Each structure stands twice: as structure tokens, then as C-alpha cells.
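Shown next: entry13.cif, given as mmCIF, C-alpha atoms.
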```cif
data_start
#
loop_
_atom_site.label_atom_id
_atom_site.label_comp_id
_atom_site.auth_asym_id
_atom_site.auth_seq_id
_atom_site.Cartn_x
_atom_site.Cartn_y
_atom_site.Cartn_z
CA MET T 1 -110.66 151.03 59.81
CA SER T 2 -109.92 151.46 63.49
CA LEU T 3 -107.84 149.33 65.78
CA TYR T 4 -110.84 147.64 67.31
CA SER T 5 -112.75 147.01 64.11
CA VAL T 6 -109.99 144.85 62.65
CA ASP T 7 -111.08 141.35 63.37
CA LEU T 8 -108.32 139.11 64.74
CA GLU T 9 -109.67 136.15 62.79
CA MET T 10 -109.37 138.09 59.55
CA PHE T 11 -105.88 139.15 60.50
CA GLU T 12 -104.94 135.52 61.18
CA ILE T 13 -105.80 134.76 57.54
CA LEU T 14 -103.50 137.56 56.41
CA VAL T 15 -100.69 136.23 58.63
CA ASN T 16 -101.15 132.69 57.29
CA GLN T 17 -101.13 133.87 53.70
CA ASN T 18 -98.03 136.00 54.01
CA TYR T 19 -95.84 134.57 56.78
CA LYS T 20 -93.73 132.33 54.53
CA LYS T 21 -92.84 135.09 52.11
CA VAL T 22 -92.07 137.54 54.91
CA TYR T 23 -89.94 134.99 56.77
CA GLN T 24 -87.91 133.93 53.76
CA THR T 25 -87.20 137.53 52.81
CA VAL T 26 -86.19 138.59 56.31
CA TYR T 27 -84.09 135.47 56.82
CA THR T 28 -82.21 136.23 53.60
CA TYR T 29 -81.17 139.48 55.26
CA THR T 30 -80.54 138.31 58.85
CA ASN T 31 -79.46 134.69 58.35
CA ASP T 32 -80.72 134.21 61.90
CA ASN T 33 -83.86 132.30 62.92
CA CYS T 34 -84.47 134.04 66.23
CA ILE T 35 -84.03 137.58 64.96
CA SER T 36 -86.18 136.84 61.92
CA GLU T 37 -88.99 135.41 64.05
CA ASP T 38 -88.87 138.29 66.55
CA ALA T 39 -88.72 140.96 63.85
CA ILE T 40 -91.64 139.42 61.97
CA GLN T 41 -93.72 139.06 65.13
CA GLN T 42 -93.13 142.73 65.87
CA ALA T 43 -93.88 143.68 62.26
CA PHE T 44 -97.24 141.90 62.20
CA VAL T 45 -98.21 143.56 65.50
CA ILE T 46 -97.28 146.98 64.11
CA ALA T 47 -99.15 146.19 60.90
CA TYR T 48 -102.27 145.25 62.88
CA MET T 49 -102.13 148.45 64.88
CA LYS T 50 -101.60 150.62 61.80
CA LEU T 51 -103.72 148.74 59.29
CA ASP T 52 -105.66 151.90 58.51
CA GLN T 53 -102.45 153.41 57.07
CA LEU T 54 -102.25 150.75 54.35
CA LYS T 55 -103.50 152.31 51.14
CA THR T 56 -103.90 149.24 48.93
CA LYS T 57 -104.64 145.81 50.33
CA ASP T 58 -102.66 143.99 47.62
CA LYS T 59 -99.50 145.62 49.00
CA PHE T 60 -99.95 144.06 52.44
CA ALA T 61 -97.08 141.56 52.06
CA SER T 62 -94.52 144.10 50.86
CA TRP T 63 -95.66 146.54 53.55
CA VAL T 64 -95.15 143.97 56.34
CA ILE T 65 -91.83 142.88 54.79
CA SER T 66 -90.69 146.47 54.80
CA ILE T 67 -91.59 146.87 58.49
CA ALA T 68 -90.04 143.50 59.39
CA LEU T 69 -86.78 144.32 57.59
CA ASN T 70 -86.47 147.58 59.49
CA GLU T 71 -87.19 145.79 62.76
CA ALA T 72 -84.59 143.15 61.91
CA LYS T 73 -82.07 145.85 61.05
CA ARG T 74 -82.73 147.53 64.41
CA MET T 75 -82.45 144.22 66.27
CA LEU T 76 -79.22 143.27 64.54
CA LYS T 77 -77.78 146.67 65.34
CA SER T 78 -78.70 146.44 69.02
CA LYS T 79 -77.45 142.84 69.13
CA TYR T 80 -74.03 143.90 67.88
CA ASN T 81 -74.01 146.96 70.12
CA ASP T 82 -74.90 144.89 73.19
CA LYS T 83 -72.37 142.16 72.51
CA VAL T 84 -68.97 143.14 73.86
CA THR T 85 -66.44 140.64 72.56
CA PRO T 86 -62.86 140.76 73.84
CA LEU T 87 -60.43 141.21 70.98
CA THR T 88 -58.62 138.00 71.92
CA ASP T 89 -61.81 135.98 71.46
CA LEU T 90 -62.23 137.05 67.87
CA HIS T 91 -61.30 134.30 65.46
CA LEU T 92 -60.65 136.55 62.54
CA ASP T 93 -59.41 133.71 60.38
CA LYS T 94 -62.82 132.05 60.57
CA LEU T 95 -64.66 135.10 59.35
CA SER T 96 -64.28 134.18 55.75
CA ASP T 97 -66.04 136.25 53.17
CA ASN T 98 -68.32 133.38 52.17
CA LYS T 99 -69.43 132.59 55.68
CA GLU T 100 -70.23 136.18 56.43
CA ASN T 101 -71.75 137.18 53.15
CA ALA T 102 -73.76 134.28 51.88
CA ILE T 103 -77.00 132.86 53.24
CA ASP T 104 -76.80 129.23 54.31
CA LEU T 105 -77.68 127.32 51.20
CA LYS T 106 -77.87 123.60 50.75
CA GLU T 107 -75.21 122.33 48.40
CA ASP T 108 -76.79 122.50 45.02
CA ILE T 109 -74.77 122.70 41.88
CA ASN T 110 -77.64 124.39 40.08
CA SER T 111 -78.15 127.05 42.74
CA VAL T 112 -78.04 130.54 41.30
CA LEU T 113 -78.24 132.22 44.70
CA SER T 114 -75.10 130.43 45.94
CA LYS T 115 -73.14 132.02 43.11
CA LEU T 116 -74.30 135.53 43.90
CA LYS T 117 -72.87 137.87 46.50
CA LYS T 118 -74.96 138.68 49.58
CA LYS T 119 -75.71 142.20 48.30
CA GLU T 120 -76.83 140.84 44.94
CA THR T 121 -79.07 138.17 46.47
CA GLU T 122 -80.51 140.73 48.85
CA ILE T 123 -81.56 143.22 46.20
CA LEU T 124 -82.98 140.54 43.90
CA VAL T 125 -85.00 139.01 46.73
CA LEU T 126 -86.31 142.44 47.74
CA LYS T 127 -87.31 143.29 44.18
CA TYR T 128 -88.49 140.01 42.69
CA TYR T 129 -89.62 137.99 45.69
CA ALA T 130 -90.75 140.60 48.22
CA ASP T 131 -92.08 142.92 45.49
CA LEU T 132 -90.79 146.08 47.20
CA SER T 133 -90.70 149.30 45.22
CA LEU T 134 -87.33 150.76 44.25
CA GLN T 135 -87.88 153.57 46.74
CA GLN T 136 -88.61 151.10 49.57
CA ILE T 137 -85.46 149.16 48.66
CA ALA T 138 -83.41 152.34 48.55
CA ASP T 139 -84.75 153.43 51.95
CA PHE T 140 -84.03 150.07 53.51
CA LEU T 141 -80.54 149.75 52.07
CA GLY T 142 -79.77 153.34 52.93
CA ILE T 143 -78.64 154.22 49.42
CA ASN T 144 -80.09 156.63 46.89
CA LEU T 145 -82.48 155.65 44.11
CA SER T 146 -79.85 155.81 41.34
CA ASN T 147 -77.47 153.55 43.21
CA THR T 148 -80.34 151.16 43.89
CA LYS T 149 -81.09 150.98 40.16
CA VAL T 150 -77.42 150.40 39.34
CA ARG T 151 -77.05 147.69 41.98
CA LEU T 152 -80.23 145.98 40.82
CA HIS T 153 -79.16 146.15 37.18
CA ARG T 154 -75.78 144.56 37.97
CA ALA T 155 -77.34 141.81 40.07
CA LYS T 156 -79.86 141.14 37.34
CA GLU T 157 -77.17 140.91 34.66
CA LYS T 158 -75.17 138.48 36.76
CA CYS T 159 -78.31 136.47 37.37
CA ARG T 160 -79.06 136.48 33.64
CA ASN T 161 -75.61 135.04 32.86
CA LEU T 162 -75.95 132.39 35.55
CA ILE T 163 -79.39 131.34 34.33
CA ILE T 164 -78.18 131.14 30.72
CA GLN T 165 -75.13 129.17 31.86
CA HIS T 166 -77.36 126.88 33.89
CA GLN T 167 -79.71 126.33 30.95
CA GLU T 168 -76.82 125.62 28.58
CA GLN T 169 -75.36 123.10 31.04
CA SER T 170 -78.72 121.38 31.22
CA THR T 171 -78.89 121.17 27.45
CA GLU T 172 -75.37 119.72 27.31
CA GLU T 173 -76.34 117.14 29.92
CA VAL T 174 -79.30 116.14 27.78
CA ASN T 175 -76.98 115.88 24.75
CA VAL T 176 -74.51 113.66 26.59
CA GLN T 177 -76.90 111.51 28.54
CA TRP T 178 -79.84 111.32 26.18
CA PRO T 179 -78.44 111.76 22.66
CA TYR T 180 -81.29 109.84 21.06
CA LEU T 181 -83.90 111.77 22.96
CA LYS T 182 -82.23 115.05 22.00
CA LYS T 183 -82.08 113.93 18.39
CA ASN T 184 -85.76 112.99 18.40
CA LEU T 185 -86.69 116.26 20.07
CA THR T 186 -84.78 118.34 17.53
CA ASP T 187 -86.11 116.30 14.62
CA MET D 1 -79.12 132.55 24.04
CA ALA D 2 -81.02 135.85 24.29
CA LEU D 3 -83.55 136.48 26.99
CA SER D 4 -86.10 139.26 26.85
CA GLU D 5 -86.41 141.52 29.94
CA LYS D 6 -89.84 140.15 30.71
CA GLU D 7 -88.68 136.57 30.39
CA LEU D 8 -85.64 137.29 32.55
CA ASP D 9 -87.82 138.87 35.24
CA ARG D 10 -90.08 135.83 35.26
CA LEU D 11 -87.10 133.44 35.39
CA ILE D 12 -85.47 135.33 38.28
CA GLU D 13 -88.74 135.35 40.16
CA SER D 14 -89.34 131.63 39.79
CA GLN D 15 -85.69 130.73 40.44
CA LEU D 16 -85.65 132.79 43.64
CA SER D 17 -88.92 131.32 44.82
CA LYS D 18 -87.68 127.76 44.12
CA GLU D 19 -84.33 128.26 45.83
CA LEU D 20 -85.70 130.11 48.87
CA ASP D 21 -88.30 127.35 49.35
CA ALA D 22 -85.59 124.70 49.13
CA ASN D 23 -83.13 126.44 51.43
CA ILE D 24 -85.05 128.35 54.07
CA GLU D 25 -87.20 126.35 56.41
CA VAL D 26 -90.16 128.38 57.66
CA PRO D 27 -91.16 127.91 61.34
CA ASN D 28 -94.61 126.57 62.21
CA ILE D 29 -97.00 129.38 61.25
CA ASN D 30 -99.64 128.40 63.83
CA ASP D 31 -97.11 128.73 66.65
CA GLN D 32 -95.98 132.07 65.29
CA TRP D 33 -99.57 133.28 65.00
CA LEU D 34 -100.22 132.46 68.66
CA LYS D 35 -97.25 134.64 69.66
CA ILE D 36 -98.38 137.48 67.37
CA LYS D 37 -101.96 137.27 68.68
CA GLN D 38 -100.80 137.33 72.30
CA GLN D 39 -98.68 140.41 71.65
CA ILE D 40 -101.56 142.17 69.87
CA LEU D 41 -103.85 141.52 72.84
CA ASP D 42 -101.18 142.81 75.25
CA GLU D 43 -100.68 145.94 73.12
CA LYS D 44 -104.44 146.57 73.06
CA ARG D 45 -104.61 146.28 76.84
CA ASN D 46 -101.63 148.63 77.24
CA ASN D 47 -103.11 151.15 74.80
CA SER D 48 -106.38 151.19 76.71
CA SER D 49 -104.64 151.93 79.97
CA ILE D 50 -102.43 154.60 78.35
CA GLU D 51 -105.39 156.34 76.72
CA LYS D 52 -107.27 156.71 80.01
CA PRO D 53 -104.64 156.86 82.74
CA PHE D 54 -106.90 158.90 85.04
CA SER D 55 -110.57 158.66 85.66
CA ASN D 56 -112.59 161.87 85.61
CA GLN D 57 -112.91 161.70 89.39
CA LYS D 58 -109.13 161.56 89.77
CA ARG D 59 -108.78 164.52 87.41
CA ILE D 60 -111.25 166.53 89.49
CA VAL D 61 -109.34 165.64 92.67
CA VAL D 62 -106.02 166.75 91.14
CA ALA D 63 -107.55 170.03 89.86
CA ALA D 64 -109.18 170.68 93.25
CA THR D 65 -105.87 170.04 95.06
CA ILE D 66 -104.07 172.56 92.83
CA LEU D 67 -106.79 175.19 93.31
CA LEU D 68 -106.85 174.57 97.07
CA SER D 69 -103.06 174.93 97.26
CA ILE D 70 -103.16 178.22 95.34
CA GLY D 71 -106.03 179.39 97.59
CA SER D 72 -104.05 178.51 100.74
CA ILE D 73 -100.97 180.32 99.49
CA ASN D 74 -103.12 183.32 98.65
CA PHE D 75 -104.52 183.35 102.19
CA LEU D 76 -101.22 182.74 104.03
CA TYR D 77 -98.76 184.58 101.80
CA PRO D 78 -100.76 187.06 99.69
CA ASN D 79 -97.71 188.78 98.15
CA ASN D 80 -96.00 185.55 97.15
CA ALA D 81 -99.28 184.19 95.83
CA SER D 82 -99.89 187.14 93.60
CA ALA D 83 -96.38 186.71 92.15
CA LEU D 84 -97.01 182.98 91.74
CA GLY D 85 -100.45 183.61 90.26
CA GLY D 86 -98.89 185.98 87.74
CA LYS D 87 -96.35 183.34 86.77
CA ILE D 88 -99.05 180.67 86.42
CA GLY D 89 -101.09 183.07 84.32
CA GLU D 90 -98.11 183.74 82.08
CA PHE D 91 -97.47 180.02 81.75
CA PHE D 92 -101.07 179.27 80.73
CA ASN D 93 -101.07 182.19 78.33
CA TYR D 94 -97.90 180.76 76.83
CA ILE D 95 -99.31 177.29 76.24
CA VAL D 96 -102.85 178.14 75.21
CA GLY D 97 -102.57 181.66 73.84
CA LYS D 98 -104.24 184.87 75.04
CA THR D 99 -107.34 184.38 72.91
CA THR D 100 -108.09 181.00 74.45
CA GLN D 101 -111.07 180.97 76.76
CA ASN D 102 -112.80 178.39 78.86
CA LYS D 103 -116.56 177.99 79.25
CA THR D 104 -117.60 175.83 82.17
CA GLU D 105 -120.97 174.35 83.00
CA THR D 106 -121.65 172.56 86.27
CA TYR D 107 -124.28 169.98 87.02
CA LYS D 108 -125.32 169.14 90.60
CA GLN D 109 -127.60 166.27 91.51
CA GLY D 110 -130.47 167.05 93.92
CA SER D 111 -130.17 163.90 96.03
CA ALA D 112 -127.06 162.79 97.90
CA PRO D 113 -124.79 160.60 95.82
CA SER D 114 -125.15 156.89 96.49
CA ILE D 115 -122.25 154.45 96.73
CA PRO D 116 -120.99 153.94 93.19
CA LYS D 117 -121.69 150.56 91.69
CA VAL D 118 -118.84 149.10 89.65
CA GLN D 119 -119.87 147.51 86.42
CA ASP D 120 -117.42 145.35 84.58
CA ILE D 121 -117.46 145.86 80.82
CA GLY D 122 -114.47 143.57 80.26
CA ASP D 123 -110.84 144.31 79.52
CA ASP D 124 -111.53 147.19 77.18
CA ILE D 125 -112.13 150.62 78.66
CA GLU D 126 -113.62 151.69 75.34
CA LYS D 127 -115.46 149.31 73.05
CA GLU D 128 -117.75 149.32 70.06
CA VAL D 129 -121.24 148.15 70.90
CA SER D 130 -124.78 148.15 69.54
CA LEU D 131 -127.34 150.58 70.95
CA ASP D 132 -129.14 147.69 72.68
CA SER D 133 -126.04 146.32 74.37
CA ALA D 134 -125.00 149.86 75.35
CA GLN D 135 -128.36 150.24 77.10
CA THR D 136 -127.87 147.00 79.08
CA SER D 137 -124.37 148.07 80.19
CA ILE D 138 -125.26 151.49 81.61
CA PRO D 139 -127.24 152.51 84.71
CA PHE D 140 -129.28 155.25 82.97
CA LYS D 141 -131.74 155.51 80.10
CA LEU D 142 -129.88 156.14 76.88
CA ALA D 143 -130.76 159.45 75.23
CA THR D 144 -131.33 159.12 71.49
CA PRO D 145 -132.48 161.67 68.94
CA SER D 146 -135.89 161.13 67.35
CA TYR D 147 -134.87 163.54 64.59
CA LEU D 148 -131.84 163.20 62.32
CA PRO D 149 -131.18 164.92 58.98
CA HIS D 150 -132.39 162.81 56.08
CA GLU D 151 -128.88 161.82 54.89
CA ALA D 152 -127.59 160.80 58.34
CA ASN D 153 -127.19 157.15 59.31
CA THR D 154 -125.59 155.44 62.31
CA ARG D 155 -121.93 154.62 61.80
CA ARG D 156 -121.00 153.11 65.17
CA VAL D 157 -121.64 153.32 68.89
CA LEU D 158 -118.77 153.51 71.39
CA LEU D 159 -119.12 152.75 75.08
CA THR D 160 -116.43 154.15 77.37
CA SER D 161 -116.14 153.36 81.04
CA LEU D 162 -114.79 156.44 82.83
CA GLY D 163 -114.64 154.94 86.30
CA ALA D 164 -117.10 153.65 88.87
CA ASP D 165 -120.56 153.88 87.36
CA VAL D 166 -119.70 156.75 85.01
CA TYR D 167 -120.06 156.00 81.32
CA GLN D 168 -119.81 157.88 78.09
CA ILE D 169 -121.70 156.74 75.00
CA SER D 170 -120.74 158.22 71.65
CA ILE D 171 -123.00 157.64 68.70
CA GLU D 172 -121.39 158.49 65.37
CA TYR D 173 -123.49 159.25 62.32
CA ASN D 174 -122.33 159.43 58.73
CA TYR D 175 -123.51 162.71 57.27
CA ASN D 176 -122.51 164.14 53.86
CA ASP D 177 -119.13 162.33 53.87
CA LYS D 178 -118.51 163.74 57.35
CA VAL D 179 -119.31 162.49 60.81
CA ILE D 180 -121.66 163.88 63.44
CA VAL D 181 -120.90 162.71 66.97
CA PHE D 182 -123.54 162.69 69.65
CA SER D 183 -122.12 161.89 73.08
CA GLN D 184 -123.68 161.59 76.48
CA GLN D 185 -122.22 161.05 79.91
CA ASN D 186 -123.84 160.46 83.26
CA SER D 187 -122.56 161.68 86.61
CA THR D 188 -122.76 160.11 90.03
CA GLY D 189 -122.63 163.37 91.99
CA GLY D 190 -121.85 166.79 90.57
CA THR D 191 -119.90 167.25 87.38
CA SER D 192 -118.36 170.21 85.59
CA ARG D 193 -117.52 170.37 81.94
CA GLY D 194 -115.09 172.94 80.60
CA SER D 195 -114.79 173.72 76.90
CA LEU D 196 -111.64 175.44 75.70
CA PHE D 197 -111.96 177.52 72.59
CA ASP D 198 -110.08 180.24 70.75
CA THR D 199 -111.92 183.53 70.33
CA ASP D 200 -110.01 184.12 67.08
CA ASP D 201 -111.81 181.34 65.28
CA THR D 202 -114.79 180.38 67.45
CA VAL D 203 -118.04 182.22 68.14
CA THR D 204 -120.11 181.14 71.15
CA LYS D 205 -123.83 181.53 71.68
CA ASP D 206 -125.98 180.87 74.77
CA LEU D 207 -129.16 179.01 73.87
CA THR D 208 -131.91 176.98 75.51
CA VAL D 209 -132.65 173.37 74.59
CA ASN D 210 -135.91 171.97 76.00
CA GLY D 211 -135.67 174.44 78.88
CA SER D 212 -132.01 173.69 79.72
CA PRO D 213 -129.22 176.21 79.11
CA ALA D 214 -126.97 175.26 76.22
CA ASN D 215 -123.71 176.54 74.69
CA LEU D 216 -123.17 176.55 70.95
CA PHE D 217 -119.59 176.86 69.64
CA THR D 218 -119.33 177.75 65.97
CA SER D 219 -115.86 177.36 64.53
CA LYS D 220 -114.76 179.08 61.34
CA ASN D 221 -114.06 175.70 59.72
CA GLY D 222 -117.82 174.99 59.82
CA MET D 223 -117.75 172.78 62.89
CA ASN D 224 -120.61 173.34 65.34
CA THR D 225 -120.59 171.94 68.87
CA LEU D 226 -123.59 172.10 71.15
CA ASN D 227 -123.31 171.32 74.89
CA TRP D 228 -126.28 170.98 77.21
CA GLN D 229 -127.72 168.82 79.96
CA THR D 230 -130.85 166.80 80.47
CA ARG D 231 -131.92 164.16 83.03
CA GLY D 232 -128.54 164.49 84.77
CA LEU D 233 -126.74 163.64 81.54
CA MET D 234 -124.15 165.87 79.91
CA LEU D 235 -124.84 165.89 76.21
CA GLN D 236 -122.87 167.08 73.23
CA ILE D 237 -123.44 167.12 69.49
CA SER D 238 -120.53 167.96 67.26
CA GLY D 239 -120.06 168.02 63.52
CA VAL D 240 -119.99 170.00 60.30
CA ILE D 241 -123.71 170.70 60.39
CA THR D 242 -125.80 173.89 60.35
CA GLU D 243 -126.92 175.62 63.55
CA GLU D 244 -130.59 174.97 62.68
CA GLU D 245 -130.01 171.24 62.19
CA ILE D 246 -127.91 170.81 65.33
CA ILE D 247 -130.61 172.54 67.44
CA LYS D 248 -133.33 170.46 65.78
CA ILE D 249 -131.48 167.24 66.65
CA ALA D 250 -130.86 168.42 70.22
CA GLN D 251 -134.52 169.33 70.76
CA SER D 252 -135.58 165.85 69.64
CA ILE D 253 -133.50 164.26 72.41
CA LYS D 254 -135.54 163.71 75.56
#
```
Please express what this file holds, its structure, as C-alpha cells.
Amino acid sequence: MSLYSVDLEMFEILVNQNYKKVYQTVYTYTNDNCISEDAIQQAFVIAYMKLDQLKTKDKFASWVISIALNEAKRMLKSKYNDKVTPLTDLHLDKLSDNKENAIDLKEDINSVLSKLKKKETEILVLKYYADLSLQQIADFLGINLSNTKVRLHRAKEKCRNLIIQHQEQSTEEVNVQWPYLKKNLTD
Amino acid sequence: MALSEKELDRLIESQLSKELDANIEVPNINDQWLKIKQQILDEKRNNSSIEKPFSNQKRIVVAATILLSIGSINFLYPNNASALGGKIGEFFNYIVGKTTQNKTETYKQGSAPSIPKVQDIGDDIEKEVSLDSAQTSIPFKLATPSYLPHEANTRRVLLTSLGADVYQISIEYNYNDKVIVFSQQNSTGGTSRGSLFDTDDTVTKDLTVNGSPANLFTSKNGMNTLNWQTRGLMLQISGVITEEEIIKIAQSIK
């Protein structure tokens, strides 16, 4: 498929189908609307130009995500390199770990993501939401394959505990609030 | 409570999807698409202008200027020129190799060239067209083969504008999982075509096609290229195809 034979109308369908997933994944990494939008715009343009390099069409979303994440990484790097902040202007006390490391989540007591560290959320989103391969994740994170597997395993275990905890809490709530219903259900 | 790996994977996937949907607001996709589309169109325009930064006429002018300068130096300062010529020779030998040769054919039109007419084929310098629309866009009668090997079928036709009134049409044919390319180019005045080849892996043969001299280049990878002229058009057939077949196709082009 050459550059000129890819119909823009067909490509618009691909963008519509995949934009949400790409955006949510990239935003999880950048936590910045503008950078996410710019990186994704660039990624879709690159994808259009290099569509003939895509081996399997069902991997389109993860391919674009992979390009967009690398673009976002590059943009973040140049943003921090360009920004010269005088030392006196740095409010180090405000750079709390939570603010820096977690994505902005609405307050939700049942949120699993809010209880995970940024690195854990990141790897779970890349694996389970963006459907990237372990090698793609390793390349993006700049760590080797074994470390990627270890990090993913740990994040998954933590997620497992949180989900179990969450489910047990829900059951307890049913017991307390709806004892008769619970009784009927178990009977 | 024990969760199987499969169940855990499914739960993580659905939990992530639910939470990301609830927490990350996605911008208007239509607006984003308009930006993406605009950038794609800009990139396409830029690529077109990068691919063909000089027209053939400009290339000829640049080459002529270099040759003229060397000629002038040779005439005014023969000793310096011979030293310079030696250096240029060494440089070309370095970049193309000693076995590289050039075969040039020149076409001159009988009548004086008329003022070139500029035809607008749109933003794209090169575009895919049908044979019919190619014919309506060019100022000469399209040459087409009346003979093609049985397995060959048309893949696509590309129209390239090379400058004022000069066009190249490339017709690609699918043939045994490979591609044969037949290209033709008109000229407004006189035109020369040089073909670089390496004597280590290419054998050349001088032939005649319908009374016109032709050059056949046979590469050791099986690729044959035939160059010739007819009706003021420079023609070329190239592909992994036998010498007999390539000549048969060429002779069917009037």
C-alpha cells in the first residue's frame, strides 16, 4: 500500500475507532492534555505515512499507541529541556510524591488505579488496555525484558489484592445494608 | 478468594477500561481528526516538493554550467584544469566505482521548440491515474503495448509532471509476483538520457526496436531494462522478464 493509495476517508474511520484508546493511554503517561493531543496527532500522521509497514491490521491501535508514546516522551523531554526554571522559583515542598506520580483521578473510594503507583498503573495500562507486547513495553520504558516481566508481575499482584479487597468490601456492604437480600441470595 | 490468571486478566482489563473512561476526558475526535488531516495534507505536499526539487530542465542547466566551467578552465588554464580534471575523476571513481559506466542517448526534435504550455495537474507532482485520464492530461499520444505476456495485468498508472509540458507516465504490470514497469517521457526540445550501470554485474547490448536504436541492460539478478525512443518519446521497460519477452513487448509499442 503506497502513501497515495491510502484513502483519507478510510483513515478517518481508523482514527475514529482508535482515538479514545490512544488518548487515554498516552494521557496516563503524560498527564498533560496538550502534549497528549500533539503527540497523538503526530503519531497518526506518521502512521498514515508508514501504513505499509504495519504487518497485521488488528495491531493498528497498539502500533499507533507505541508511536504516540514515543512522541510524547520526546515532547516531554524537550519541554523540560527548554524550560529553564530559576532555583528560587521551585516550590519543592509542593512536589509531593502523589502529585507527581499519580494521574489525576476523580475521588472514588473504589478506584484501583488511585491506589497504585504511577509505574504500576503505567505498565498495567500498556499491557491490558493498550495491548502492547512485552517487548514494546520494555522498549518504551527503557528496561530489559526480564525487568518488564518482574514489574508487570508485581503490579498485577498488587492489582489482584486490591480487586479482591474491593470485592470483599462490596460483599460486606451487601451484608450490612441488605442482610435479608444476602440471606435470600445465599439460600 | 482465589482468582485464576485468566479471570484476573479479564478483571484488570475491565477495571482499567472503566476507570480510564471515568477519569480521562477525551477531546472531541472530529476536531482532532481535522488537525490530523490538515497535517497529512501538508506532509504530502512537502514530500512531493522534496521528491522533485529540480525539474529535468534545471538539472540539464546545472550539468551544462559545470561542463562549461570545466571547459573554460581547460581553455584558459590547461595545466590547472588537467589537475582539477584528475581530481574530479578520482572523486567520481570514489563514489561510483571504477567499473561504473554511463550510456547516454540523445534525442533532438526536428522542428524548433515551441513555447512550453503549462498544464496544471493539481497539487501533486506525481499521482495515480487511469490510462484514459492520463491521456487527457498529456500533450502527446500515449504509447501502449499491444502485446503483453499472458500472465501480466495492469497494476497502476502513475502520471508525473516534470516541469512545463514534460510528463512521465509509468504503467506498472503485475507479472509472476513481480512488477514490470513501462515508462515513457516526452521532450519539448532535445533530451538526453544517461543510464549508469556497473560492468561487474550488468551486460549491455545494442539492439534495434522498430527501426530505432535501443540499449538492453541485463543485470545478473535477472532484471532486464530496455531503453529506446519512438515518436519523440523516451521509452523504457524494466523488470524481471526474459530478453525475448521484453523485445516482443517493445516491438508492439507504436
Could you list, as a ChimeraX atom specification, every residue of chain T that has an atom within 8 Å of an atom of chain D, counting only C-alpha atoms?
/T:4,8,12,15-16,19-20,23-24,27,37,41-42,44-45,48,104-106,111-113,125,128-129,159-160,164
Write out as JSON, numbers by chain the residues lying within 7 Å of range 211-228 of chain D, counting all atoms listed in the file and excluding same-chain residues fewer than 4 positions away.
{"D": [201, 202, 203, 204, 205, 206, 207, 234, 235, 236, 237, 238, 239, 240, 241, 243]}
Given the PyMOL selection byres ((chain D and resi 132-147) around 7), the residues it picks as a list of chain:residue names:
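Checked against the file, the PyMOL selection byres ((chain D and resi 132-147) around 7) matches D:Val129, D:Ser130, D:Leu131, D:Leu148, D:Pro149, D:Leu159, D:Tyr167, D:Ile249, D:Ser252, D:Ile253, D:Lys254.
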Which residues fall under the PyMOL selection byres ((chain T and resi 141) around 10) in this file, as a list in words?
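Those residues are Leu69, Asn70, Lys73, Lys119, Glu122, Ile123, Gln135, Gln136, Ile137, Ala138, Asp139, Phe140, Gly142, Ile143, Asn144 and Thr148 of chain T.
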May I have the residues within 9 Å of Gln168 in chain D as JSON, numbers by chain, using all atoms listed in the file and disregarding those fewer than 4 positions away in the same chain?
{"D": [158, 159, 160, 161, 162, 183, 184, 185, 186]}
